[in-house]
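Student: Got a structure here, written out as structure tokens. Questions coming.
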Amino acid sequence: MKQIKAVIQPEKLSDVRDALEKTGCYRGAMITDIMGQGTQKGITQAWRGEKYQMDLIPKVSIDLVVRDEDVDAVKKVIMDSARTGEIGDGKIFVYNVEEVVRIRTGETGDDAV
Ligand SMILES: Nc1ncnc2c1ncn2[C@@H]1O[C@H](COP(=O)(O)OP(=O)(O)OP(=O)(O)O)[C@@H](O)[C@H]1O
Ligand SMILES: [Mg+2]
């Protein structure tokens, strides 16, 4: 099992969720509002003639735990639904997951995902 963390533009969340729910391998998600910084280290904005630096930009993090065989499909769905081609579109991180337990039934592993 793998955990897929996609950090995306907040305005893309509903498109990404709709696209994920259409795939057969969607089991659930954890959604978190975060502040982040990528390679551009934030943005410079002008306000009333003054320039100021915003170091941290609001993003949304979507965490999904999926079966190994579904990782490529889920990555592709996120890529296709979150991408505008502009800087700041986000990133996808993939982690190994040791174990999953469904508390109600005691099922573990792939059965519990
Ligand atoms: N190496 C990293 N480690 C941890 N978080 C990261 C990393 N790179 C990006 N992020 C997170 O992802 C968010 C979006 O990153 P972003 O899309 O700006 O990446 P980028 O590498 O700068 O690509 P781009 O050039 O397309 O902007 C960041 O705000 C941050 O939360
Ligand atoms: Mg960036």
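By convention in this document, the chains of the structure tokens carry letters A, B, ... by their order, each chain's residues are numbered from 1, and ligands are numbered from 1 in the order they are shown.
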Compile the contact shell of Val101 of chain A as JSON, numbers by chain: residues with an atom at most 10 Å away, counting only C-alpha atoms, same-chain residues fewer than 5 positions apart removed.
Tutor: {"A": [106, 107, 108, 109, 110, 111, 112, 113]}
Student: Check the DSSP output for the backbone and give back, as a PyMOL selection string, the residues of chain A in alpha helix (DSSP H).
Tutor: chain A and resi 13-22+71-82
Student: Counting only C-alpha atoms, which of A:Lys59, A:Arg83, A:Lys5, A:Lys91 gets nearest to Met35 of chain A?
Tutor: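 Of A:Lys59, A:Arg83, A:Lys5, A:Lys91, the one nearest Met35 of chain A is A:Lys59, counting only C-alpha atoms.
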Student: Can you tell me which residues sit at most 6 Å away from ligand 1, counting only C-alpha atoms and all ligand atoms, written as a PyMOL selection string?
Tutor: chain A and resi 7+36-40+57+87-91
Student: Taking all heavy atoms for each residue, export the selection above as an mmCIF file, in the first residue's frame.
Tutor:
```cif
data_model
loop_
_atom_site.group_PDB
_atom_site.id
_atom_site.type_symbol
_atom_site.label_atom_id
_atom_site.label_comp_id
_atom_site.auth_asym_id
_atom_site.auth_seq_id
_atom_site.Cartn_x
_atom_site.Cartn_y
_atom_site.Cartn_z
ATOM 1 N N VAL A 7 -0.087 17.922 -3.222
ATOM 2 C CA VAL A 7 -0.216 19.319 -2.781
ATOM 3 C C VAL A 7 -0.627 20.113 -4.008
ATOM 4 O O VAL A 7 0.104 20.146 -5.003
ATOM 5 C CB VAL A 7 1.111 19.840 -2.202
ATOM 6 C CG1 VAL A 7 0.960 21.282 -1.740
ATOM 7 C CG2 VAL A 7 1.566 18.957 -1.054
ATOM 8 N N GLY A 36 2.545 26.646 2.089
ATOM 9 C CA GLY A 36 3.717 25.982 1.558
ATOM 10 C C GLY A 36 4.622 26.900 0.765
ATOM 11 O O GLY A 36 4.318 28.075 0.525
ATOM 12 N N GLN A 37 5.732 26.300 0.357
ATOM 13 C CA GLN A 37 6.747 27.030 -0.414
ATOM 14 C C GLN A 37 7.397 26.047 -1.373
ATOM 15 O O GLN A 37 7.769 24.953 -0.965
ATOM 16 C CB GLN A 37 7.786 27.560 0.575
ATOM 17 C CG GLN A 37 8.804 28.475 -0.036
ATOM 18 C CD GLN A 37 9.740 29.015 1.029
ATOM 19 O OE1 GLN A 37 10.548 28.284 1.570
ATOM 20 N NE2 GLN A 37 9.622 30.297 1.330
ATOM 21 N N GLY A 38 7.483 26.416 -2.622
ATOM 22 C CA GLY A 38 8.164 25.585 -3.611
ATOM 23 C C GLY A 38 9.468 26.237 -4.035
ATOM 24 O O GLY A 38 10.056 27.016 -3.275
ATOM 25 N N THR A 39 9.898 25.943 -5.264
ATOM 26 C CA THR A 39 11.218 26.416 -5.694
ATOM 27 C C THR A 39 11.287 27.928 -5.855
ATOM 28 O O THR A 39 12.363 28.517 -5.752
ATOM 29 C CB THR A 39 11.633 25.756 -7.030
ATOM 30 O OG1 THR A 39 10.565 25.892 -7.952
ATOM 31 C CG2 THR A 39 11.954 24.298 -6.852
ATOM 32 N N GLN A 40 10.118 28.581 -6.110
ATOM 33 C CA GLN A 40 10.154 30.047 -6.285
ATOM 34 C C GLN A 40 10.196 30.779 -4.945
ATOM 35 O O GLN A 40 10.308 32.006 -4.914
ATOM 36 C CB GLN A 40 8.929 30.522 -7.092
ATOM 37 C CG GLN A 40 8.950 30.148 -8.549
ATOM 38 C CD GLN A 40 8.479 28.717 -8.790
ATOM 39 O OE1 GLN A 40 7.892 28.081 -7.918
ATOM 40 N NE2 GLN A 40 8.758 28.181 -9.977
ATOM 41 N N ILE A 57 2.491 30.273 0.590
ATOM 42 C CA ILE A 57 1.300 30.375 -0.253
ATOM 43 C C ILE A 57 0.295 29.302 0.207
ATOM 44 O O ILE A 57 0.693 28.163 0.451
ATOM 45 C CB ILE A 57 1.663 30.076 -1.736
ATOM 46 C CG1 ILE A 57 2.883 30.892 -2.173
ATOM 47 C CG2 ILE A 57 0.469 30.286 -2.658
ATOM 48 C CD1 ILE A 57 2.632 32.332 -2.425
ATOM 49 N N ILE A 87 3.358 27.868 -12.916
ATOM 50 C CA ILE A 87 4.122 27.542 -11.716
ATOM 51 C C ILE A 87 3.163 27.474 -10.529
ATOM 52 O O ILE A 87 2.137 28.142 -10.502
ATOM 53 C CB ILE A 87 5.253 28.568 -11.422
ATOM 54 C CG1 ILE A 87 4.674 29.961 -11.225
ATOM 55 C CG2 ILE A 87 6.319 28.527 -12.500
ATOM 56 C CD1 ILE A 87 5.699 30.941 -10.681
ATOM 57 N N GLY A 88 3.521 26.619 -9.564
ATOM 58 C CA GLY A 88 2.691 26.476 -8.371
ATOM 59 C C GLY A 88 1.570 25.457 -8.515
ATOM 60 O O GLY A 88 0.722 25.350 -7.630
ATOM 61 N N ASP A 89 1.542 24.708 -9.610
ATOM 62 C CA ASP A 89 0.498 23.692 -9.807
ATOM 63 C C ASP A 89 0.538 22.616 -8.727
ATOM 64 O O ASP A 89 -0.476 21.974 -8.469
ATOM 65 C CB ASP A 89 0.663 23.001 -11.166
ATOM 66 C CG ASP A 89 -0.142 23.681 -12.264
ATOM 67 O OD1 ASP A 89 -0.906 24.621 -11.956
ATOM 68 O OD2 ASP A 89 -0.009 23.260 -13.432
ATOM 69 N N GLY A 90 1.712 22.419 -8.128
ATOM 70 C CA GLY A 90 1.779 21.473 -7.016
ATOM 71 C C GLY A 90 2.690 20.290 -7.277
ATOM 72 O O GLY A 90 3.413 20.248 -8.271
ATOM 73 N N LYS A 91 2.637 19.341 -6.370
ATOM 74 C CA LYS A 91 3.529 18.200 -6.427
ATOM 75 C C LYS A 91 2.841 16.982 -5.858
ATOM 76 O O LYS A 91 1.935 17.103 -5.023
ATOM 77 C CB LYS A 91 4.779 18.489 -5.594
ATOM 78 C CG LYS A 91 6.072 18.453 -6.393
ATOM 79 C CD LYS A 91 7.233 18.953 -5.589
ATOM 80 C CE LYS A 91 8.050 19.916 -6.442
ATOM 81 N NZ LYS A 91 9.233 20.382 -5.740
#
```
Student: Tell me which of A:Gly42, A:Leu20, A:Met1, A:Gly28 sits closest to ligand 2, counting only C-alpha atoms and all ligand atoms.
Tutor: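 Of all the options, A:Gly42 lies closest to ligand 2.
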